[in-house]
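Shown below: structure-v6.cif, with mmCIF, C-alpha atoms and all ligand atoms.
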```
data_query
#
loop_
_atom_site.label_atom_id
_atom_site.label_comp_id
_atom_site.auth_asym_id
_atom_site.auth_seq_id
_atom_site.Cartn_x
_atom_site.Cartn_y
_atom_site.Cartn_z
CA MET A 1 20.37 16.35 7.62
CA ARG A 2 17.45 18.70 7.81
CA TYR A 3 15.80 19.76 11.07
CA LYS A 4 12.30 21.00 11.79
CA PRO A 5 10.67 22.54 14.85
CA LEU A 6 8.55 20.03 16.77
CA GLY A 7 5.35 22.05 17.09
CA ARG A 8 5.80 24.65 19.80
CA THR A 9 8.07 22.56 22.01
CA GLY A 10 11.14 24.65 21.18
CA LEU A 11 12.86 21.42 20.10
CA ASN A 12 14.37 21.04 16.65
CA VAL A 13 14.32 17.46 15.43
CA SER A 14 15.98 15.74 12.49
CA VAL A 15 13.47 14.91 9.76
CA ILE A 16 14.62 11.28 10.04
CA GLY A 17 14.30 10.05 13.62
CA PHE A 18 15.82 6.91 15.14
CA GLY A 19 13.14 4.44 16.26
CA ALA A 20 14.71 2.33 18.99
CA SER A 21 12.18 -0.50 19.24
CA PRO A 22 14.52 -2.83 17.27
CA LEU A 23 17.10 -2.37 20.08
CA GLY A 24 14.58 -4.24 22.26
CA ASN A 25 14.66 -7.16 19.78
CA GLU A 26 11.09 -6.39 18.68
CA PHE A 27 11.86 -7.38 15.08
CA GLY A 28 14.30 -10.19 15.92
CA VAL A 29 17.48 -10.48 17.94
CA VAL A 30 19.83 -7.53 17.47
CA ASP A 31 23.48 -7.87 18.46
CA PRO A 32 24.15 -5.26 21.19
CA GLY A 33 27.32 -4.05 19.41
CA ASP A 34 25.40 -3.59 16.14
CA GLY A 35 22.72 -1.63 17.98
CA GLU A 36 25.27 0.63 19.61
CA ARG A 37 27.08 1.24 16.32
CA ALA A 38 23.72 2.14 14.73
CA VAL A 39 23.08 4.78 17.41
CA HIS A 40 26.58 6.23 17.02
CA ALA A 41 26.41 6.24 13.21
CA ALA A 42 23.05 8.02 13.40
CA ILE A 43 24.42 10.75 15.67
CA GLU A 44 27.50 11.20 13.48
CA ARG A 45 25.26 11.67 10.45
CA GLY A 46 23.07 14.28 12.15
CA ILE A 47 20.12 12.25 13.42
CA ASN A 48 19.27 13.89 16.74
CA PHE A 49 15.81 12.48 17.53
CA PHE A 50 15.62 9.14 19.36
CA ASP A 51 12.37 7.45 20.36
CA VAL A 52 12.18 4.55 22.81
CA ALA A 53 9.77 3.10 25.41
CA PRO A 54 9.84 0.86 28.48
CA TYR A 55 7.66 -1.54 26.44
CA TYR A 56 10.29 -2.20 23.74
CA GLY A 57 11.98 -5.41 24.79
CA ARG A 58 10.37 -4.90 28.23
CA THR A 59 13.01 -2.29 29.21
CA LEU A 60 15.86 -3.76 27.09
CA ALA A 61 15.67 -1.02 24.42
CA GLU A 62 15.92 1.73 27.05
CA GLU A 63 18.89 -0.02 28.70
CA ARG A 64 20.70 -0.35 25.39
CA LEU A 65 19.90 3.15 24.19
CA GLY A 66 20.98 4.59 27.55
CA ALA A 67 24.32 2.76 27.30
CA ALA A 68 24.85 3.87 23.68
CA LEU A 69 24.11 7.50 24.56
CA ALA A 70 26.63 7.64 27.42
CA GLY A 71 28.60 10.87 26.93
CA LYS A 72 26.33 11.90 24.04
CA ARG A 73 23.12 12.80 25.84
CA ASP A 74 23.50 16.52 25.07
CA LYS A 75 23.58 15.79 21.32
CA VAL A 76 20.10 14.26 21.16
CA VAL A 77 16.42 14.95 21.62
CA LEU A 78 15.32 11.96 23.67
CA ALA A 79 11.75 10.65 23.74
CA THR A 80 10.41 7.85 25.88
CA LYS A 81 6.97 6.73 27.01
CA ILE A 82 4.72 5.79 29.90
CA GLY A 83 1.60 3.63 30.14
CA ARG A 84 2.43 0.45 28.21
CA TYR A 85 4.57 -2.21 29.86
CA ASP A 86 3.71 -5.47 28.08
CA VAL A 87 1.44 -6.76 25.31
CA GLU A 88 -1.55 -6.61 27.65
CA ALA A 89 -0.15 -4.54 30.54
CA PHE A 90 -1.23 -0.90 30.68
CA ASP A 91 -1.26 1.60 33.52
CA PHE A 92 -2.00 5.26 32.79
CA SER A 93 -2.45 6.29 36.45
CA ALA A 94 -0.69 9.40 37.79
CA LYS A 95 1.22 7.27 40.30
CA ARG A 96 2.60 4.99 37.60
CA VAL A 97 3.46 7.93 35.32
CA ARG A 98 5.78 9.19 38.04
CA SER A 99 7.43 5.86 38.94
CA SER A 100 7.75 4.92 35.27
CA VAL A 101 9.66 8.10 34.43
CA GLU A 102 12.02 7.60 37.38
CA GLU A 103 12.77 4.08 36.13
CA SER A 104 13.25 5.28 32.54
CA LEU A 105 15.63 8.04 33.64
CA ARG A 106 17.78 5.45 35.42
CA ARG A 107 17.86 3.13 32.40
CA LEU A 108 18.52 6.01 30.00
CA ARG A 109 21.27 7.38 32.30
CA THR A 110 19.91 10.92 32.26
CA ASP A 111 17.97 13.28 34.50
CA TYR A 112 15.41 14.49 31.96
CA VAL A 113 13.71 13.42 28.76
CA ASP A 114 12.75 15.85 26.02
CA VAL A 115 9.45 14.23 25.03
CA LEU A 116 7.36 12.00 27.26
CA THR A 117 4.62 10.16 25.38
CA ALA A 118 1.59 8.29 26.73
CA HIS A 119 1.99 5.03 24.80
CA ASP A 120 -0.89 3.56 22.76
CA ILE A 121 -3.61 5.52 24.53
CA GLU A 122 -6.43 3.61 22.83
CA PHE A 123 -5.76 0.84 25.35
CA GLY A 124 -6.60 3.24 28.16
CA ASP A 125 -9.68 4.98 29.45
CA ARG A 126 -10.15 8.17 27.43
CA GLU A 127 -11.26 10.31 30.37
CA GLN A 128 -8.36 9.07 32.50
CA ILE A 129 -5.88 10.04 29.75
CA VAL A 130 -7.36 13.56 29.55
CA GLU A 131 -7.97 14.19 33.24
CA GLU A 132 -5.24 12.23 35.02
CA THR A 133 -2.42 11.03 32.74
CA VAL A 134 -1.67 14.22 30.81
CA PRO A 135 -1.87 16.45 33.94
CA ALA A 136 0.52 14.05 35.75
CA MET A 137 2.94 14.39 32.85
CA ARG A 138 2.63 18.20 33.02
CA ALA A 139 3.52 18.07 36.71
CA LEU A 140 6.76 16.27 35.78
CA GLN A 141 7.44 19.01 33.26
CA GLN A 142 7.12 21.61 36.03
CA GLU A 143 9.72 19.64 37.98
CA GLY A 144 12.13 19.66 35.03
CA LYS A 145 12.06 15.89 34.52
CA ILE A 146 10.52 16.16 31.07
CA ARG A 147 10.45 18.94 28.48
CA SER A 148 7.20 18.19 26.67
CA VAL A 149 4.10 16.01 26.76
CA GLY A 150 2.77 13.76 24.00
CA VAL A 151 0.43 10.91 23.19
CA SER A 152 0.76 8.03 20.73
CA GLY A 153 -1.41 5.37 19.18
CA LEU A 154 -2.89 3.87 16.03
CA GLN A 155 -6.50 5.07 16.38
CA LEU A 156 -6.48 8.52 14.79
CA LYS A 157 -9.90 9.72 15.94
CA MET A 158 -9.01 9.17 19.58
CA LEU A 159 -5.64 10.89 19.12
CA ALA A 160 -7.46 13.88 17.61
CA ASP A 161 -10.05 13.92 20.37
CA VAL A 162 -7.45 13.80 23.14
CA ALA A 163 -5.32 16.44 21.40
CA ALA A 164 -8.39 18.68 21.22
CA ARG A 165 -9.27 18.25 24.89
CA ALA A 166 -6.00 17.76 26.78
CA GLU A 167 -2.99 20.00 26.60
CA VAL A 168 -0.48 18.03 24.58
CA ASP A 169 2.61 19.26 22.77
CA THR A 170 3.14 16.32 20.42
CA VAL A 171 1.28 13.41 18.83
CA LEU A 172 3.00 10.28 17.53
CA SER A 173 1.02 8.34 14.94
CA TYR A 174 2.22 5.11 13.33
CA CYS A 175 1.30 3.13 10.22
CA ARG A 176 -1.18 5.80 9.03
CA HIS A 177 0.96 7.68 6.55
CA ASN A 178 3.18 5.61 4.30
CA LEU A 179 3.02 3.91 0.89
CA ILE A 180 0.39 1.44 2.17
CA ILE A 181 -1.91 3.58 4.34
CA ARG A 182 -2.61 7.28 3.89
CA ASP A 183 -5.37 8.57 6.13
CA LEU A 184 -3.37 10.58 8.67
CA ASP A 185 -4.35 13.86 7.02
CA THR A 186 -8.03 12.92 6.92
CA TRP A 187 -8.40 12.49 10.66
CA LEU A 188 -5.54 14.12 12.52
CA THR A 189 -3.18 16.54 10.74
CA PRO A 190 -5.53 19.57 10.29
CA LEU A 191 -6.32 19.76 14.01
CA LEU A 192 -2.65 19.50 15.00
CA GLN A 193 -1.62 22.05 12.42
CA ALA A 194 -4.29 24.52 13.61
CA ARG A 195 -2.97 24.19 17.18
CA GLN A 196 0.70 23.91 16.24
CA ILE A 197 0.97 20.57 18.01
CA GLY A 198 4.06 18.66 16.87
CA LEU A 199 3.37 15.65 14.63
CA ILE A 200 5.68 12.62 14.58
CA ASN A 201 5.04 9.94 11.96
CA ALA A 202 6.32 6.44 12.76
CA SER A 203 6.73 3.20 10.83
CA PRO A 204 7.43 4.48 7.29
CA LEU A 205 8.21 0.88 6.29
CA HIS A 206 4.83 -0.23 7.65
CA MET A 207 6.73 -2.21 10.30
CA ARG A 208 8.91 -4.00 7.72
CA VAL A 209 6.15 -4.79 5.18
CA LEU A 210 7.95 -2.45 2.75
CA THR A 211 11.33 -4.22 2.98
CA ALA A 212 12.72 -7.29 1.23
CA THR A 213 12.62 -9.19 4.56
CA GLY A 214 8.88 -8.65 4.82
CA ALA A 215 6.54 -8.43 7.82
CA PRO A 216 7.47 -10.09 11.11
CA ALA A 217 5.22 -12.96 12.27
CA TRP A 218 3.41 -10.73 14.79
CA HIS A 219 2.43 -8.11 12.20
CA PRO A 220 -1.30 -7.37 12.63
CA ALA A 221 -2.09 -6.44 9.00
CA VAL A 222 -4.25 -8.80 6.95
CA GLU A 223 -2.49 -11.06 4.45
CA ALA A 224 -3.65 -9.00 1.43
CA VAL A 225 -1.83 -5.93 2.82
CA LYS A 226 1.38 -7.92 3.30
CA GLN A 227 1.09 -9.24 -0.25
CA ALA A 228 0.54 -5.76 -1.65
CA GLY A 229 3.61 -4.63 0.30
CA ALA A 230 5.66 -7.46 -1.19
CA GLU A 231 4.54 -6.38 -4.67
CA VAL A 232 5.56 -2.79 -3.96
CA VAL A 233 8.96 -4.09 -2.84
CA ARG A 234 9.32 -6.05 -6.11
CA LEU A 235 8.37 -2.94 -8.09
CA CYS A 236 10.84 -0.67 -6.26
CA GLY A 237 13.65 -3.24 -6.20
CA GLY A 238 16.49 -2.89 -3.70
CA ASP A 239 15.50 0.72 -2.98
CA SER A 240 12.06 -0.01 -1.55
CA ALA A 241 12.88 1.06 2.03
CA ILE A 242 14.58 4.24 0.85
CA LEU A 243 11.66 5.17 -1.42
CA ALA A 244 9.13 4.34 1.30
CA LEU A 245 10.99 6.63 3.69
CA ARG A 246 11.32 9.33 1.03
CA PHE A 247 7.56 9.30 0.53
CA CYS A 248 7.08 10.03 4.23
CA LEU A 249 9.72 12.77 4.29
CA ASP A 250 7.66 14.66 1.73
CA HIS A 251 4.81 15.21 4.22
CA PRO A 252 4.51 18.99 4.70
CA TYR A 253 3.60 19.09 8.40
CA VAL A 254 5.27 16.03 10.00
CA SER A 255 8.37 17.16 11.93
CA SER A 256 10.16 13.82 12.06
CA THR A 257 9.63 10.39 10.52
CA LEU A 258 10.69 7.65 12.92
CA VAL A 259 12.26 4.61 11.29
CA GLY A 260 13.32 1.62 13.38
CA MET A 261 17.01 0.85 12.89
CA SER A 262 19.05 -2.09 14.11
CA ASN A 263 22.49 -1.65 12.55
CA ALA A 264 24.75 0.97 10.97
CA ALA A 265 24.08 -0.29 7.43
CA GLU A 266 20.37 0.53 7.82
CA VAL A 267 21.28 4.00 9.07
CA THR A 268 23.51 4.61 6.02
CA SER A 269 20.88 3.24 3.68
CA ASN A 270 18.04 5.29 5.17
CA LEU A 271 20.04 8.50 5.01
CA ARG A 272 20.07 8.10 1.24
CA ALA A 273 16.37 8.97 1.36
CA LEU A 274 17.39 12.59 2.00
CA GLU A 275 18.88 12.82 -1.49
CA GLU A 276 16.21 10.90 -3.39
CA CYS A 277 13.03 12.18 -4.95
CA PHE A 278 10.03 9.93 -5.51
CA PRO A 279 9.36 9.60 -9.27
CA SER A 280 5.67 10.40 -9.82
CA ALA A 281 5.25 7.63 -12.42
CA LEU A 282 6.54 5.10 -9.88
CA LEU A 283 4.16 6.43 -7.22
CA ALA A 284 1.26 5.99 -9.66
CA ASP A 285 2.29 2.34 -10.11
CA VAL A 286 2.57 1.87 -6.34
CA ASP A 287 -0.92 3.36 -5.95
CA LYS A 288 -2.34 0.83 -8.43
CA ILE A 289 -0.92 -2.04 -6.38
CA VAL A 290 -2.12 -0.61 -3.08
CA GLU A 291 -5.60 0.47 -4.27
CA PRO A 292 -7.43 -2.80 -3.33
CA VAL A 293 -6.12 -2.63 0.26
CA LYS A 294 -6.03 1.15 0.61
CA ASN A 295 -6.20 2.48 4.17
CA MET A 296 -6.77 -0.96 5.69
CA ALA A 297 -5.59 -0.35 9.24
CA TRP A 298 -6.53 -2.71 12.06
CA ARG A 299 -8.28 -2.36 15.37
CA THR A 300 -6.30 -1.91 18.55
CA GLY A 301 -7.30 -1.05 22.08
CA ARG A 302 -10.71 -0.73 23.70
CA PRO A 303 -13.69 -1.08 21.35
CA GLU A 304 -14.99 2.38 22.24
CA ASN A 305 -11.68 3.86 21.06
CA HIS A 306 -11.63 2.24 17.61
CA ASP A 307 -11.68 4.58 14.62
CA PHE A 308 -14.48 2.60 13.03
CA PRO A 309 -16.43 0.74 15.72
CA ASN A 310 -18.99 -1.83 14.52
P1 LIG B 401 9.44 0.70 10.66
O1 LIG B 401 8.41 0.83 9.61
O2 LIG B 401 10.35 1.84 10.92
O3 LIG B 401 10.29 -0.63 10.34
C1 LIG B 401 11.36 -1.02 11.14
C2 LIG B 401 11.94 -2.35 10.62
O4 LIG B 401 12.53 -2.14 9.33
C3 LIG B 401 13.05 -2.88 11.50
O5 LIG B 401 13.03 -4.29 11.47
C4 LIG B 401 14.32 -2.37 10.83
O6 LIG B 401 15.43 -3.18 11.15
C5 LIG B 401 13.93 -2.45 9.37
N1 LIG B 401 14.65 -1.50 8.52
C6 LIG B 401 14.94 -0.19 8.79
N2 LIG B 401 15.59 0.38 7.79
C7 LIG B 401 15.74 -0.57 6.82
C8 LIG B 401 16.33 -0.58 5.52
N3 LIG B 401 16.90 0.50 5.02
N4 LIG B 401 16.27 -1.73 4.81
C9 LIG B 401 15.69 -2.83 5.30
N5 LIG B 401 15.10 -2.89 6.52
C10 LIG B 401 15.12 -1.76 7.27
O7 LIG B 401 8.66 0.31 12.01
P2 LIG B 401 8.86 0.64 13.55
O8 LIG B 401 10.25 0.34 13.99
O9 LIG B 401 7.74 -0.01 14.25
O10 LIG B 401 8.61 2.21 13.66
C11 LIG B 401 9.65 3.14 13.86
C12 LIG B 401 9.73 3.61 15.31
O11 LIG B 401 8.57 4.40 15.62
C13 LIG B 401 9.74 2.52 16.39
O12 LIG B 401 11.02 1.96 16.53
C14 LIG B 401 9.27 3.30 17.57
O13 LIG B 401 10.34 4.09 18.10
C15 LIG B 401 8.21 4.23 16.98
N6 LIG B 401 6.84 3.66 17.04
C16 LIG B 401 6.02 4.07 18.07
C17 LIG B 401 4.74 3.53 18.20
C18 LIG B 401 3.84 3.98 19.33
O14 LIG B 401 4.21 4.87 20.07
N7 LIG B 401 2.68 3.40 19.49
C19 LIG B 401 4.29 2.56 17.29
C20 LIG B 401 5.13 2.19 16.24
C21 LIG B 401 6.40 2.75 16.13
#
```

Here is a file; write its structure as structure tokens.
Amino acid sequence: MRYKPLGRTGLNVSVIGFGASPLGNEFGVVDPGDGERAVHAAIERGINFFDVAPYYGRTLAEERLGAALAGKRDKVVLATKIGRYDVEAFDFSAKRVRSSVEESLRRLRTDYVDVLTAHDIEFGDREQIVEETVPAMRALQQEGKIRSVGVSGLQLKMLADVAARAEVDTVLSYCRHNLIIRDLDTWLTPLLQARQIGLINASPLHMRVLTATGAPAWHPAVEAVKQAGAEVVRLCGGDSAILALRFCLDHPYVSSTLVGMSNAAEVTSNLRALEECFPSALLADVDKIVEPVKNMAWRTGRPENHDFPN
């Protein structure tokens, strides 16, 4: 495993991070024993960065991750979130930040988290995030309950704007730098790099589009994107997930790429990405397939927070 500093947080994170949303059954039912074995296999193989949220499985993922980390808390860099609690339930108020963290600490069986992230901020009021949410998170840092403060979301321009105006240590972006979509560096990376804010890239498999199983029913991408993904999978054969992850690992500034994992076999398979290199001729063929749907993200959150409002 390789490790990289996460911006200026003082934390060193494994370049492959464990995304724990599958432990909340977000991609289908995961056997609790399989989930626990996945966490343990990841730690044994050097993965030290774990990302979860109260939203994943509506607290189930935190419960399961907390149980799996019993006795191993000191081996990991643990990230959880505040602000999103259901598909349409958001609360970025200072009061809820505080109560949410207390609840997460209980479920995760710890007394601090290393990274606290405001979850999907485009669903919130931009000024509230800057003036109330981030300062409330900083107050928790002063109290020793969290080590660093981050924001996450899909809408890159809002992430950049908030990172420029509020004091954040990390930004988590998803589905904006992988084989299907590649506009992270256009809108976000240069600002973060200039300020040494840690960058976490999530969903290297485009939320399962780049696997043989294909996108889950809830996947928000348009059909043409899913079809292009299926073609990329056919082209890459059984190694599509590994190659998709490898592509993301090659990003020069991202500290950790978060991949959702639900069993030990996926952990073993994804670790192979560390030893692969992405053949440039194959990447050229992938690019040809993806060209017609290039950078087709989708809108999330409040209209005023969309990257490309009408
Ligand atoms: P992903 O692209 O990592 O895909 C995960 C899916 O692919 C899961 O169903 C998993 O079981 C499957 N998978 C993993 N490895 C595989 C392999 N080798 N072969 C076949 N299938 C494989 O998408 P994701 O889980 O959404 O993203 C990763 C993590 O990033 C999340 O778990 C979460 O922790 C974080 N995330 C955060 C946000 C946010 O803060 N807004 C958004 C998205 C993701």

>> Calculated over all atoms listed in the file, which of the candidates A:Gly10, A:Gly229, A:Gly260, A:Pro135 has the smallest distance to ligand LIG 401 (chain B)?
In response: A:Gly260

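As for CA of Ser14 (chain A) and CA of Val134 (chain A), they are spaced 25.5 Å apart.
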
> Taking only C-alpha atoms and all ligand atoms into account, which residues are within 6 Å of ligand LIG 401 (chain B), as an MDAnalysis selection string?
Replying inline: chainID A and resid 19:22 27 51:52 119:120 152:153 174 202:208 211 241 258:262 266 269:270

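Near Ala230 (chain A), within 9 Å and counting all atoms listed in the file, sit Val209, Leu210, Thr211, Ala212 and Gly214 of chain A, not including residues fewer than 6 positions from it in the same chain.
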
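Residue nearest Leu282 (chain A) within the list A:Val222, A:Ile47, A:Leu235, A:Val77: A:Leu235 [criterion: smallest interatomic distance, only C-alpha atoms].
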
>> Report as number ranges by chain all protein, DNA and RNA residues lying within 9 Å of Ile242 (chain A), evaluated on all atoms listed in the file, omitting residues in the same chain fewer than 6 positions from it.
In response: A: 269-274, 276

Shell around Asn295 (chain A) at 8 Å using all atoms listed in the file, local window under 4 positions removed, as a short mmCIF file (atom, residue, chain, number, x, y, z; two decimals) with C-alpha atoms, in the frame of the given file:
```
data_model
loop_
_atom_site.label_atom_id
_atom_site.label_comp_id
_atom_site.auth_asym_id
_atom_site.auth_seq_id
_atom_site.Cartn_x
_atom_site.Cartn_y
_atom_site.Cartn_z
CA ARG A 176 -1.18 5.80 9.03
CA ILE A 180 0.39 1.44 2.17
CA ILE A 181 -1.91 3.58 4.34
CA ARG A 182 -2.61 7.28 3.89
CA ASP A 183 -5.37 8.57 6.13
#
```

> region 144-151 of chain A: which residues within 9 Å, counting all atoms listed in the file, same-chain residues fewer than 6 positions away excluded, as a count of residues only?
Replying inline: 30

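Across A:Val30, A:Leu199, A:Ala42, A:Ala136, the tightest approach to Gly17 (chain A) is made by A:Ala42 when counting all atoms listed in the file.
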
> What separation in Å, quoted to one decimal, exists between CA of Lys95 (chain A) and CA of Leu78 (chain A)?
Replying inline: 22.3 Å

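CA of Glu62 (chain A) to CA of Ser256 (chain A) spans 20.1 Å [interatomic distance, one decimal].
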
>> I'd like to know which of A:Ser104, A:Ser255, A:Ser280, A:Thr80 is closest to Leu11 (chain A), using all atoms listed in the file.
In response: A:Ser255

>> If we count all atoms listed in the file and set the cut-off at 12 Å, which residues sit around Leu60 (chain A), ignoring sequence neighbours fewer than 6 positions away in its own chain? Please answer as a ChimeraX atom specification.
In response: /A:20-26,29-30,32,35,52-54,66-67,85,104,107-108

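Distance check against Asp161 (chain A) using only C-alpha atoms: of A:Asp307, A:Tyr3, A:Ala221, A:Ser99, the minimum falls on A:Asp307.
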